[in-house]
$ cat structure-v9.tsv   # TSV, C-alpha atoms and all ligand atoms
chain	number	residue	atom	x	y	z
A	19	MET	CA	-11.79	22.90	-1.59
A	20	LYS	CA	-9.98	21.70	1.54
A	21	ILE	CA	-10.70	18.18	2.79
A	22	LEU	CA	-9.65	16.80	6.17
A	23	GLY	CA	-8.73	13.12	5.68
A	24	ILE	CA	-8.71	10.61	8.53
A	25	GLU	CA	-7.11	7.15	8.32
A	26	THR	CA	-7.06	4.51	11.07
A	27	SER	CA	-7.41	1.17	9.26
A	28	CYS	CA	-4.49	-0.64	10.92
A	29	ASP	CA	-1.51	0.56	12.99
A	30	GLU	CA	-1.16	4.09	11.61
A	31	THR	CA	-3.22	6.98	12.95
A	32	ALA	CA	-3.23	9.65	10.26
A	33	ALA	CA	-4.86	12.97	9.49
A	34	ALA	CA	-4.18	15.35	6.60
A	35	VAL	CA	-5.60	18.40	4.90
A	36	VAL	CA	-5.46	18.40	1.09
A	37	GLU	CA	-6.60	21.19	-1.21
A	38	ASP	CA	-8.39	20.29	-4.46
A	39	GLY	CA	-7.14	16.70	-4.28
A	40	LYS	CA	-3.59	17.75	-5.19
A	41	LYS	CA	-1.93	20.09	-2.73
A	42	VAL	CA	-0.95	18.67	0.65
A	43	ILE	CA	-1.37	21.32	3.35
A	44	SER	CA	-0.63	18.98	6.24
A	45	ASN	CA	0.06	15.24	6.51
A	46	VAL	CA	0.48	13.76	9.99
A	47	VAL	CA	1.10	10.06	10.66
A	48	ALA	CA	1.58	8.43	14.08
A	49	SER	CA	2.58	4.79	13.80
A	50	SER	CA	2.39	2.16	16.52
A	51	SER	CA	4.64	-0.18	14.51
A	52	GLU	CA	7.43	-0.04	17.13
A	53	MET	CA	5.03	-1.54	19.64
A	54	HIS	CA	4.02	-4.26	17.16
A	55	ALA	CA	7.69	-4.99	16.45
A	56	LYS	CA	7.90	-6.27	20.03
A	57	THR	CA	5.09	-8.78	19.42
A	58	GLY	CA	6.30	-9.72	15.92
A	59	GLY	CA	3.17	-8.33	14.24
A	60	VAL	CA	-0.01	-6.36	14.84
A	61	ILE	CA	-2.25	-7.51	17.70
A	62	PRO	CA	-5.59	-5.88	16.79
A	63	GLU	CA	-6.57	-4.90	20.36
A	64	ASN	CA	-3.21	-3.16	20.88
A	65	ALA	CA	-3.52	-1.31	17.58
A	66	ALA	CA	-7.04	-0.09	18.46
A	67	ARG	CA	-5.88	1.14	21.88
A	68	GLN	CA	-3.07	3.13	20.24
A	69	GLN	CA	-5.57	4.60	17.78
A	70	ILE	CA	-7.64	5.96	20.68
A	71	LYS	CA	-4.54	7.58	22.21
A	72	SER	CA	-3.33	9.17	18.98
A	73	ILE	CA	-6.43	10.25	17.08
A	74	ILE	CA	-7.13	13.64	18.73
A	75	PRO	CA	-3.47	14.83	18.88
A	76	VAL	CA	-2.95	13.77	15.25
A	77	ILE	CA	-6.07	15.59	14.02
A	78	ASN	CA	-5.12	18.67	16.05
A	79	GLU	CA	-1.65	18.70	14.53
A	80	SER	CA	-3.06	18.35	11.00
A	81	LEU	CA	-5.25	21.41	11.63
A	82	GLU	CA	-2.45	23.62	12.96
A	83	GLY	CA	-2.77	27.12	11.50
A	84	LEU	CA	-6.23	26.28	10.17
A	85	ASP	CA	-9.69	26.95	11.49
A	86	LYS	CA	-12.63	24.56	11.26
A	87	ASN	CA	-14.22	27.05	8.85
A	88	ASP	CA	-11.33	26.39	6.43
A	89	ILE	CA	-12.40	22.76	6.12
A	90	ASP	CA	-15.03	22.02	3.46
A	91	ALA	CA	-15.50	18.29	4.05
A	92	ILE	CA	-14.26	15.32	6.09
A	93	ALA	CA	-13.11	12.07	4.47
A	94	VAL	CA	-12.63	8.89	6.44
A	95	THR	CA	-11.45	5.34	5.74
A	96	VAL	CA	-14.38	2.96	6.31
A	97	GLY	CA	-12.56	-0.25	5.24
A	98	PRO	CA	-10.97	-2.63	4.63
A	99	GLY	CA	-8.94	-2.97	7.81
A	100	LEU	CA	-9.11	-4.02	11.44
A	101	ILE	CA	-12.57	-3.33	12.87
A	102	GLY	CA	-11.31	-1.94	16.20
A	103	SER	CA	-8.92	0.46	14.46
A	104	LEU	CA	-11.41	1.49	11.76
A	105	LEU	CA	-14.09	2.34	14.32
A	106	ILE	CA	-11.88	4.94	16.04
A	107	GLY	CA	-11.45	6.94	12.83
A	108	VAL	CA	-15.04	6.46	11.66
A	109	GLU	CA	-16.65	7.51	14.96
A	110	THR	CA	-14.28	10.48	15.35
A	111	ALA	CA	-15.01	11.65	11.79
A	112	LYS	CA	-18.77	11.30	12.32
A	113	THR	CA	-18.58	13.30	15.53
A	114	LEU	CA	-16.61	16.11	13.87
A	115	ALA	CA	-18.93	16.15	10.84
A	116	HIS	CA	-21.93	16.44	13.14
A	117	LEU	CA	-20.41	19.09	15.43
A	118	TRP	CA	-18.96	21.20	12.63
A	119	ASN	CA	-21.85	20.59	10.26
A	120	LYS	CA	-19.60	19.39	7.42
A	121	PRO	CA	-20.25	16.83	4.68
A	122	ILE	CA	-18.56	13.47	5.27
A	123	VAL	CA	-17.21	11.17	2.54
A	124	PRO	CA	-16.66	7.44	3.23
A	125	VAL	CA	-13.43	6.20	1.59
A	126	ASN	CA	-12.26	2.72	0.58
A	127	HIS	CA	-8.68	2.40	1.88
A	128	LEU	CA	-7.49	0.45	-1.19
A	129	VAL	CA	-8.92	3.00	-3.62
A	130	ALA	CA	-7.28	5.74	-1.55
A	131	HIS	CA	-3.88	4.06	-2.00
A	132	ILE	CA	-4.39	4.51	-5.75
A	133	TYR	CA	-5.24	8.21	-5.31
A	134	ALA	CA	-1.81	8.92	-3.82
A	135	ASN	CA	-0.95	9.06	-7.54
A	136	TRP	CA	-3.09	12.17	-8.01
A	137	ILE	CA	-1.22	14.20	-5.40
A	138	ASN	CA	0.87	16.72	-7.37
A	139	SER	CA	0.22	14.74	-10.57
A	140	THR	CA	-2.50	13.90	-13.12
A	141	PRO	CA	-2.30	10.36	-14.56
A	142	GLU	CA	-4.07	9.79	-17.87
A	143	PHE	CA	-6.87	7.24	-18.33
A	144	PRO	CA	-7.09	4.36	-18.95
A	145	ALA	CA	-4.69	3.60	-16.13
A	146	LEU	CA	-3.50	0.16	-15.12
A	147	VAL	CA	-2.92	0.05	-11.36
A	148	LEU	CA	-0.96	-2.28	-9.11
A	149	VAL	CA	-2.11	-2.11	-5.50
A	150	VAL	CA	0.39	-3.85	-3.23
A	151	SER	CA	-0.23	-3.53	0.49
A	152	GLY	CA	-0.02	-5.63	3.64
A	153	GLY	CA	-3.35	-7.33	3.04
A	154	HIS	CA	-3.96	-6.94	-0.71
A	155	THR	CA	-2.30	-7.45	-4.07
A	156	ASP	CA	-4.54	-6.47	-6.97
A	157	LEU	CA	-4.12	-5.41	-10.57
A	158	VAL	CA	-6.98	-3.21	-11.74
A	159	MET	CA	-7.86	-1.23	-14.84
A	160	MET	CA	-9.13	2.24	-14.08
A	161	LYS	CA	-11.15	3.73	-16.95
A	162	ASN	CA	-12.08	6.87	-15.07
A	163	HIS	CA	-12.40	8.19	-11.52
A	164	GLY	CA	-14.09	5.52	-9.42
A	165	ASN	CA	-14.39	3.10	-12.38
A	166	PHE	CA	-12.37	-0.08	-11.73
A	167	LYS	CA	-12.16	-3.46	-13.41
A	168	TRP	CA	-10.28	-6.20	-11.61
A	169	ILE	CA	-7.64	-7.84	-13.85
A	170	GLY	CA	-5.87	-10.13	-11.41
A	171	GLY	CA	-4.44	-10.50	-7.95
A	172	THR	CA	-2.96	-12.81	-5.40
A	173	ARG	CA	-4.53	-16.20	-4.82
A	174	ASP	CA	-3.22	-16.40	-1.27
A	175	ASP	CA	-0.86	-14.10	0.66
A	176	ALA	CA	-0.47	-10.44	-0.28
A	177	ALA	CA	2.99	-9.21	-1.33
A	178	GLY	CA	3.35	-7.17	1.90
A	179	GLU	CA	2.26	-10.18	3.93
A	180	ALA	CA	4.97	-12.24	2.21
A	181	PHE	CA	7.57	-9.61	3.16
A	182	ASP	CA	6.28	-9.58	6.76
A	183	LYS	CA	6.16	-13.39	7.16
A	184	CYS	CA	9.57	-13.98	5.57
A	185	ALA	CA	11.11	-11.22	7.72
A	186	ARG	CA	9.79	-12.93	10.82
A	187	LEU	CA	11.38	-16.23	9.74
A	188	LEU	CA	14.67	-14.35	9.37
A	189	SER	CA	14.23	-12.77	12.84
A	190	LEU	CA	13.92	-9.32	11.27
A	191	LEU	CA	11.65	-6.73	12.85
A	192	TYR	CA	8.04	-5.93	11.89
A	193	PRO	CA	7.13	-4.34	9.48
A	194	GLY	CA	8.98	-6.85	7.34
A	195	GLY	CA	9.11	-4.92	4.06
A	196	PRO	CA	11.47	-2.15	5.22
A	197	SER	CA	13.49	-4.70	7.30
A	198	ILE	CA	13.99	-7.05	4.34
A	199	SER	CA	14.83	-4.11	2.12
A	200	SER	CA	17.55	-2.78	4.42
A	201	ALA	CA	18.99	-6.26	5.10
A	202	ALA	CA	19.07	-6.86	1.33
A	203	GLU	CA	21.06	-3.66	0.80
A	204	LYS	CA	23.96	-5.30	2.63
A	205	PHE	CA	24.12	-7.97	-0.01
A	206	ASN	CA	25.84	-7.65	-3.34
A	207	PHE	CA	24.04	-9.40	-6.18
A	208	GLU	CA	26.81	-8.58	-8.59
A	209	ASN	CA	28.87	-11.38	-7.07
A	210	PRO	CA	28.98	-13.80	-10.03
A	211	LYS	CA	28.86	-16.92	-7.84
A	212	LEU	CA	25.32	-16.19	-6.74
A	213	GLU	CA	22.27	-17.57	-8.45
A	214	LYS	CA	19.77	-14.77	-7.80
A	215	LYS	CA	17.04	-17.42	-8.02
A	216	LEU	CA	17.02	-19.18	-4.67
A	217	PHE	CA	13.22	-18.98	-4.42
A	218	PRO	CA	10.46	-19.80	-6.92
A	219	ARG	CA	8.29	-17.34	-8.88
A	220	PRO	CA	4.96	-19.25	-8.89
A	221	LEU	CA	2.42	-18.77	-11.75
A	222	ILE	CA	4.96	-16.71	-13.68
A	223	ASN	CA	4.39	-18.64	-16.92
A	224	ASP	CA	0.61	-18.97	-16.48
A	225	ASP	CA	-1.70	-17.15	-18.83
A	226	ASN	CA	-3.26	-14.85	-16.22
A	227	PHE	CA	-2.42	-11.83	-14.09
A	228	ASP	CA	-2.42	-13.67	-10.77
A	229	TRP	CA	0.22	-14.19	-8.13
A	230	SER	CA	0.85	-16.68	-5.34
A	231	PHE	CA	3.18	-15.76	-2.49
A	232	SER	CA	2.32	-18.29	0.21
A	233	GLY	CA	4.89	-20.85	-1.02
A	234	LEU	CA	7.67	-18.32	-0.51
A	235	LYS	CA	7.44	-18.43	3.29
A	236	THR	CA	7.60	-22.26	3.22
A	237	ALA	CA	10.69	-22.09	0.99
A	238	VAL	CA	12.29	-19.54	3.32
A	239	LEU	CA	11.42	-21.66	6.36
A	240	ARG	CA	13.08	-24.69	4.77
A	241	THR	CA	16.17	-22.63	3.89
A	242	VAL	CA	16.38	-21.27	7.45
A	243	GLN	CA	16.06	-24.79	8.91
A	244	ASN	CA	18.71	-26.19	6.58
A	245	THR	CA	21.26	-23.38	6.88
A	246	LYS	CA	23.88	-23.62	9.63
A	247	ASP	CA	25.31	-20.11	9.31
A	248	ILE	CA	21.87	-18.50	8.94
A	249	GLU	CA	22.79	-15.28	10.76
A	250	GLN	CA	25.54	-14.52	8.24
A	251	ARG	CA	23.28	-15.38	5.32
A	252	VAL	CA	20.34	-13.14	6.32
A	253	PRO	CA	21.28	-10.34	3.84
A	254	GLU	CA	21.53	-12.87	1.01
A	255	ILE	CA	18.22	-14.56	1.85
A	256	ALA	CA	16.53	-11.19	2.35
A	257	ALA	CA	17.79	-10.09	-1.06
A	258	GLU	CA	16.52	-13.33	-2.63
A	259	VAL	CA	13.08	-12.90	-1.00
A	260	GLN	CA	12.87	-9.31	-2.23
A	261	GLU	CA	14.00	-10.36	-5.71
A	262	ALA	CA	11.42	-13.17	-5.90
A	263	ILE	CA	8.54	-10.86	-4.91
A	264	VAL	CA	9.68	-7.94	-7.07
A	265	ASP	CA	10.37	-10.17	-10.11
A	266	SER	CA	6.92	-11.75	-9.94
A	267	LEU	CA	5.19	-8.37	-9.63
A	268	VAL	CA	7.19	-6.74	-12.40
A	269	TYR	CA	6.84	-9.68	-14.80
A	270	LYS	CA	3.05	-9.90	-14.63
A	271	CYS	CA	2.61	-6.12	-14.78
A	272	GLN	CA	4.84	-5.96	-17.86
A	273	LYS	CA	2.65	-8.64	-19.45
A	274	ALA	CA	-0.51	-6.68	-18.59
A	275	ILE	CA	0.96	-3.45	-20.00
A	276	ASP	CA	1.79	-5.29	-23.26
A	277	LYS	CA	-1.76	-6.65	-23.47
A	278	PHE	CA	-3.85	-3.65	-22.38
A	279	LYS	CA	-1.57	-0.80	-23.55
A	280	PRO	CA	-2.81	1.67	-20.89
A	281	LYS	CA	-1.98	5.38	-21.10
A	282	SER	CA	-0.53	5.20	-17.60
A	283	PHE	CA	0.62	2.67	-15.04
A	284	LEU	CA	0.30	3.45	-11.34
A	285	LEU	CA	2.08	1.86	-8.41
A	286	SER	CA	0.37	2.06	-5.03
A	287	GLY	CA	0.24	0.62	-1.49
A	288	GLY	CA	2.93	0.13	1.15
A	289	VAL	CA	5.04	-2.30	-0.91
A	290	ALA	CA	5.31	0.38	-3.62
A	291	ALA	CA	7.67	2.15	-1.17
A	292	ASN	CA	10.18	-0.64	-1.89
A	293	SER	CA	13.17	0.87	-3.67
A	294	ARG	CA	14.06	-2.30	-5.60
A	295	LEU	CA	10.47	-2.50	-6.96
A	296	ARG	CA	10.51	1.19	-7.93
A	297	GLU	CA	13.93	0.83	-9.56
A	298	LYS	CA	12.91	-2.25	-11.57
A	299	PHE	CA	9.74	-0.59	-12.82
A	300	MET	CA	11.66	2.50	-13.83
A	301	HIS	CA	14.64	0.84	-15.47
A	302	GLU	CA	13.29	-2.43	-16.83
A	303	VAL	CA	9.62	-1.80	-17.60
A	304	PHE	CA	9.39	1.87	-18.49
A	305	ALA	CA	12.59	2.14	-20.39
A	306	LYS	CA	10.77	-0.12	-22.94
A	307	ASN	CA	7.23	1.30	-22.70
A	308	GLU	CA	7.51	4.85	-23.92
A	309	LYS	CA	3.78	5.14	-24.62
A	310	THR	CA	2.76	4.36	-21.05
A	311	GLY	CA	3.45	6.94	-18.35
A	312	LEU	CA	4.76	5.55	-15.05
A	313	HIS	CA	3.45	7.08	-11.82
A	314	VAL	CA	5.00	6.26	-8.46
A	315	PRO	CA	3.96	8.30	-5.41
A	316	GLU	CA	6.73	9.40	-3.05
A	317	ALA	CA	7.37	6.62	-0.50
A	318	LYS	CA	5.59	8.31	2.42
A	319	LEU	CA	2.43	8.54	0.29
A	320	CYS	CA	2.62	4.81	-0.58
A	321	THR	CA	2.40	3.60	3.03
A	322	ASP	CA	-0.72	4.41	5.07
A	323	ASN	CA	-1.47	8.12	5.24
A	324	ALA	CA	-4.50	10.40	5.23
A	325	ALA	CA	-3.48	12.69	2.35
A	326	ALA	CA	-4.44	9.87	-0.04
A	327	ILE	CA	-7.80	9.53	1.78
A	328	ALA	CA	-8.54	13.23	1.28
A	329	ALA	CA	-7.42	13.13	-2.40
A	330	CYS	CA	-9.63	10.09	-3.04
A	331	ALA	CA	-12.65	11.86	-1.53
A	332	TYR	CA	-12.06	14.92	-3.73
A	333	TYR	CA	-12.17	12.92	-6.98
A	334	ASN	CA	-15.05	10.67	-5.88
A	335	ASP	CA	-17.04	13.25	-3.97
A	336	LYS	CA	-20.06	11.35	-2.67
A	337	PRO	CA	-20.92	12.82	0.73
A	338	VAL	CA	-23.45	10.93	2.84
A	339	SER	CA	-25.22	11.65	6.10
A	340	TRP	CA	-22.95	10.97	9.09
A	341	LYS	CA	-25.74	8.71	10.39
A	342	LYS	CA	-25.25	6.33	7.46
A	343	ILE	CA	-21.51	5.78	7.78
A	344	THR	CA	-20.31	2.48	9.22
A	345	ALA	CA	-16.95	0.70	9.20
A	346	ASN	CA	-16.73	-2.26	6.81
A	347	PRO	CA	-13.59	-4.38	7.42
A	348	GLU	CA	-14.35	-6.65	4.43
A	349	LEU	CA	-14.52	-3.97	1.71
A	350	THR	CA	-12.78	-4.96	-1.55
A	351	ILE	CA	-11.34	-2.77	-4.28
A	352	VAL	CA	-14.24	-3.22	-6.71
A	353	SER	CA	-17.09	-3.16	-4.18
A	401	LIG	O1	-0.33	-0.04	2.51
A	401	LIG	P1	0.29	-0.36	3.79
A	401	LIG	O2	1.09	0.71	4.49
A	401	LIG	O3	-0.77	-0.89	4.81
A	401	LIG	C1	-1.80	-1.75	4.39
A	401	LIG	O4	-2.79	-1.24	3.84
A	401	LIG	O5	-1.60	-2.98	4.54
A	401	LIG	O6	1.21	-1.62	3.53
A	401	LIG	C2	1.90	-2.23	4.56
A	401	LIG	C3	2.79	-3.28	3.95
A	401	LIG	C4	3.50	-4.12	4.99
A	401	LIG	O7	3.36	-5.48	4.65
A	401	LIG	C5	4.93	-3.64	4.89
A	401	LIG	O8	5.87	-4.64	5.21
A	401	LIG	C6	5.01	-3.25	3.43
A	401	LIG	O9	3.78	-2.67	3.14
A	401	LIG	N1	6.08	-2.28	3.17
A	401	LIG	C7	7.15	-2.56	2.39
A	401	LIG	C8	7.99	-1.42	2.46
A	401	LIG	N2	7.40	-0.49	3.27
A	401	LIG	C9	6.23	-1.05	3.69
A	401	LIG	N3	7.45	-3.65	1.67
A	401	LIG	C10	8.61	-3.64	1.00
A	401	LIG	N4	9.49	-2.61	1.04
A	401	LIG	C11	9.22	-1.49	1.74
A	401	LIG	N5	10.09	-0.47	1.75
A	402	ZN	ZN	-2.74	0.59	3.36

$ encode --input "structure-v9.tsv" --output "structure tokens" --more "lines below"
Ligand code: KG4
Ligand code: ZN
Amino acid sequence: MKILGIETSCDETAAAVVEDGKKVISNVVASSSEMHAKTGGVIPENAARQQIKSIIPVINESLEGLDKNDIDAIAVTVGPGLIGSLLIGVETAKTLAHLWNKPIVPVNHLVAHIYANWINSTPEFPALVLVVSGGHTDLVMMKNHGNFKWIGGTRDDAAGEAFDKCARLLSLLYPGGPSISSAAEKFNFENPKLEKKLFPRPLINDDNFDWSFSGLKTAVLRTVQNTKDIEQRVPEIAAEVQEAIVDSLVYKCQKAIDKFKPKSFLLSGGVAANSRLREKFMHEVFAKNEKTGLHVPEAKLCTDNAAAIAACAYYNDKPVSWKKITANPELTIVS
């Protein structure tokens, strides 16, 4: 079964064709992030306008070498996300479904991030999942396809949001995650003089699976204001920011793995593309947890893409009439 996935929840316009939820036939992503770098972040109206420009060329490219008769169903992100951006994908998908007479499957963007783990792989249930994106940080237990129990999450800013806000304070370009990560690479933590703990890890000793990242930007702001040679210290501060976020995520996930003993642990969402996070999970957490299988999608399947949308639709195949599909910017992971 070949599904055409369409994703337009924020500043990426994406379309992909995936066979049987596993095999990626095409995966096209057009990002307007360079434009948002100029404004220091996403301005929703600008993102929506770029979606309109890109949607048809991106879908056409994803269908290269294929005919509409090869497509069995259309899957589209209905939320959460920016309403203007979501509407472009949703209305385009509805139009295609109507014209081509194909079933259409509405997809929750956050759940789709998780399904990037099913591309070329088959995680075992129960699976504990960390979803870390620009707007969300959630830890959920997945007992089966489509069956989620929320275990914990951020009480304020999402991990990606923390990367983005701290990057801005350091005059690094949007999106902040990749910028902080590459600035941090210029810094050597092995230098014994350095503390590696410039910033706090809130809630780390609390008996829950929650995070709080909003204090980090205040701490970074204070450091920036109090540092004379700030330009020279950007790699160090970037490395400290990355370390604080990664440490907090890894620590609480390790605690949850110890408590729930899942068969697998899945990383997902844009922040899961972070190489320090991936490295820490691999070397510090999974070296000690032989009974839990670690799944980490390749980086381009962690950030927004439509292959994950199509995979999600395959495993949770609930087609609805195109007339009933609407965008829902407020959708949550367990709704
Ligand atoms: O999942 P995603 O692509 O879009 C949302 O659904 O939000 O996540 C975007 C977030 C942004 O905050 C971005 O800075 C962060 O993921 N991100 C990263 C990396 N690549 C993207 N954060 C840390 N390291 C990265 N390499
Ligand atoms: Zn996303």

$ residues_near_ligand --input "structure-v9.tsv" --ligand "ligand ZN 402 (chain A)" --cutoff "8 Å" --atoms "only C-alpha atoms and all ligand atoms" --output "PyMOL selection string"
chain A and resi 27-28+127-128+131+151-153+287-288+320-323

$ closest_residue --input "structure-v9.tsv" --among "A:Ser72, A:Asn165, A:Asn45, A:Thr95" --to "ligand LIG 401 (chain A)" --atoms "all atoms listed in the file"
A:Thr95

$ closest_residue --input "structure-v9.tsv" --among "A:Phe205, A:Gly99, A:Val35, A:Ala66" --to "Glu82 (chain A)" --atoms "all atoms listed in the file"
A:Val35

$ closest_residue --input "structure-v9.tsv" --among "A:Ala48, A:Ile198, A:Ile263, A:Val36" --to "Gln68 (chain A)" --atoms "all atoms listed in the file"
A:Ala48

$ residues_near_point --input "structure-v9.tsv" --point "(-21.1, 16.5, 5.7)" --cutoff "9 Å" --atoms "all atoms listed in the file" --output "ChimeraX atom specification"
/A:90-92,112,115-116,118-123,337-340

$ atom_distance --input "structure-v9.tsv" --atom1 "CA of Phe299 (chain A)" --atom2 "CA of Asp276 (chain A)"
13.9 Å

$ residues_around --input "structure-v9.tsv" --residues "Pro98 (chain A)" --least-positions-apart "4" --cutoff "12 Å" --atoms "only C-alpha atoms" --output "mmCIF file with C-alpha atoms, in the frame of the given file"
data_model
loop_
_atom_site.group_PDB
_atom_site.id
_atom_site.type_symbol
_atom_site.label_atom_id
_atom_site.label_comp_id
_atom_site.auth_asym_id
_atom_site.auth_seq_id
_atom_site.Cartn_x
_atom_site.Cartn_y
_atom_site.Cartn_z
ATOM 1 C CA GLU A 25 -7.110 7.150 8.320
ATOM 2 C CA THR A 26 -7.060 4.510 11.070
ATOM 3 C CA SER A 27 -7.410 1.170 9.260
ATOM 4 C CA CYS A 28 -4.490 -0.640 10.920
ATOM 5 C CA VAL A 94 -12.630 8.890 6.440
ATOM 6 C CA GLY A 102 -11.310 -1.940 16.200
ATOM 7 C CA SER A 103 -8.920 0.460 14.460
ATOM 8 C CA LEU A 104 -11.410 1.490 11.760
ATOM 9 C CA LEU A 105 -14.090 2.340 14.320
ATOM 10 C CA PRO A 124 -16.660 7.440 3.230
ATOM 11 C CA VAL A 125 -13.430 6.200 1.590
ATOM 12 C CA ASN A 126 -12.260 2.720 0.580
ATOM 13 C CA HIS A 127 -8.680 2.400 1.880
ATOM 14 C CA LEU A 128 -7.490 0.450 -1.190
ATOM 15 C CA VAL A 129 -8.920 3.000 -3.620
ATOM 16 C CA ALA A 130 -7.280 5.740 -1.550
ATOM 17 C CA HIS A 131 -3.880 4.060 -2.000
ATOM 18 C CA SER A 151 -0.230 -3.530 0.490
ATOM 19 C CA GLY A 152 -0.020 -5.630 3.640
ATOM 20 C CA GLY A 153 -3.350 -7.330 3.040
ATOM 21 C CA HIS A 154 -3.960 -6.940 -0.710
ATOM 22 C CA THR A 344 -20.310 2.480 9.220
ATOM 23 C CA ALA A 345 -16.950 0.700 9.200
ATOM 24 C CA ASN A 346 -16.730 -2.260 6.810
ATOM 25 C CA PRO A 347 -13.590 -4.380 7.420
ATOM 26 C CA GLU A 348 -14.350 -6.650 4.430
ATOM 27 C CA LEU A 349 -14.520 -3.970 1.710
ATOM 28 C CA THR A 350 -12.780 -4.960 -1.550
ATOM 29 C CA ILE A 351 -11.340 -2.770 -4.280
ATOM 30 C CA VAL A 352 -14.240 -3.220 -6.710
ATOM 31 C CA SER A 353 -17.090 -3.160 -4.180
#

$ closest_residue --input "structure-v9.tsv" --among "A:Asn64, A:Ser44, A:Gln260, A:Thr57" --to "Tyr192 (chain A)" --atoms "only C-alpha atoms"
A:Thr57

$ atom_distance --input "structure-v9.tsv" --atom1 "CA of Ala33 (chain A)" --atom2 "CA of Ser80 (chain A)"
5.9 Å

$ closest_residue --input "structure-v9.tsv" --among "A:Gly23, A:Gly178, A:Pro62, A:Pro220" --to "Ser266 (chain A)" --atoms "all atoms listed in the file"
A:Pro220

$ atom_distance --input "structure-v9.tsv" --atom1 "CA of Thr155 (chain A)" --atom2 "CA of Val242 (chain A)"
25.9 Å

$ residues_around --input "structure-v9.tsv" --residues "Ala65 (chain A)" --least-positions-apart "5" --cutoff "9 Å" --atoms "only C-alpha atoms" --output "PDB file with C-alpha atoms, in the frame of the given file"
ATOM      1  CA  CYS A  28      -4.490  -0.640  10.920  1.00  0.00           C
ATOM      2  CA  ASP A  29      -1.510   0.560  12.990  1.00  0.00           C
ATOM      3  CA  GLU A  30      -1.160   4.090  11.610  1.00  0.00           C
ATOM      4  CA  SER A  50       2.390   2.160  16.520  1.00  0.00           C
ATOM      5  CA  SER A  51       4.640  -0.180  14.510  1.00  0.00           C
ATOM      6  CA  MET A  53       5.030  -1.540  19.640  1.00  0.00           C
ATOM      7  CA  HIS A  54       4.020  -4.260  17.160  1.00  0.00           C
ATOM      8  CA  VAL A  60      -0.010  -6.360  14.840  1.00  0.00           C
ATOM      9  CA  ILE A  70      -7.640   5.960  20.680  1.00  0.00           C
ATOM     10  CA  LEU A 100      -9.110  -4.020  11.440  1.00  0.00           C
ATOM     11  CA  GLY A 102     -11.310  -1.940  16.200  1.00  0.00           C
ATOM     12  CA  SER A 103      -8.920   0.460  14.460  1.00  0.00           C
TER      13      SER A 103
END

$ residues_around --input "structure-v9.tsv" --residues "region 254-256 of chain A" --least-positions-apart "2" --cutoff "8 Å" --atoms "all atoms listed in the file" --output "list of chain:residue names"
A:Ala185, A:Leu188, A:Ile198, A:Ser199, A:Ala201, A:Ala202, A:Phe205, A:Val238, A:Arg251, A:Val252, A:Glu258, A:Val259, A:Gln260

$ closest_residue --input "structure-v9.tsv" --among "A:Ala134, A:Met159, A:Leu117, A:Leu216" --to "ligand LIG 401 (chain A)" --atoms "all atoms listed in the file"
A:Ala134

$ residues_around --input "structure-v9.tsv" --residues "Ile24 (chain A)" --least-positions-apart "4" --cutoff "10 Å" --atoms "only C-alpha atoms" --output "list in words"
Thr31, Ala32, Ala33, Ala34, Val35, Val46, Ile73, Val76, Ile77, Ser80, Ile92, Ala93, Val94, Thr95, Val96, Ile106, Gly107, Val108, Thr110, Ala111, Val125, Asn323, Ala324, Ala325, Ala326, Ile327 and Ala328 of chain A

$ residues_near_point --input "structure-v9.tsv" --point "(6.4, 9.7, -7.7)" --cutoff "12 Å" --atoms "all atoms listed in the file" --output "number ranges by chain"
A: 133-141, 283-286, 290-291, 293, 296-297, 299-300, 311-320

$ decode --input "structure-v9.tsv" --residues "region 318-326 of chain A" --atoms "N, CA and C atoms" --output "short mmCIF file (atom, residue, chain, number, x, y, z; two decimals), in the first residue's frame"
data_model
loop_
_atom_site.label_atom_id
_atom_site.label_comp_id
_atom_site.auth_asym_id
_atom_site.auth_seq_id
_atom_site.Cartn_x
_atom_site.Cartn_y
_atom_site.Cartn_z
N LYS A 318 17.25 13.26 9.34
CA LYS A 318 16.29 13.94 8.45
C LYS A 318 14.86 13.43 8.65
N LEU A 319 14.71 12.30 9.36
CA LEU A 319 13.36 11.82 9.68
C LEU A 319 12.91 12.29 11.07
N CYS A 320 13.84 12.92 11.83
CA CYS A 320 13.47 13.48 13.14
C CYS A 320 12.83 14.85 12.94
N THR A 321 13.43 15.69 12.10
CA THR A 321 12.86 17.02 11.84
C THR A 321 11.63 16.84 10.93
N ASP A 322 10.87 17.92 10.73
CA ASP A 322 9.59 17.78 10.03
C ASP A 322 9.76 17.22 8.62
N ASN A 323 8.96 16.20 8.34
CA ASN A 323 8.99 15.54 7.03
C ASN A 323 7.65 14.84 6.83
N ALA A 324 7.37 14.43 5.59
CA ALA A 324 6.07 13.80 5.34
C ALA A 324 6.13 12.28 5.30
N ALA A 325 7.35 11.71 5.29
CA ALA A 325 7.46 10.25 5.31
C ALA A 325 6.87 9.72 6.62
N ALA A 326 7.15 10.45 7.73
CA ALA A 326 6.61 10.04 9.03
C ALA A 326 5.08 10.17 9.05
#
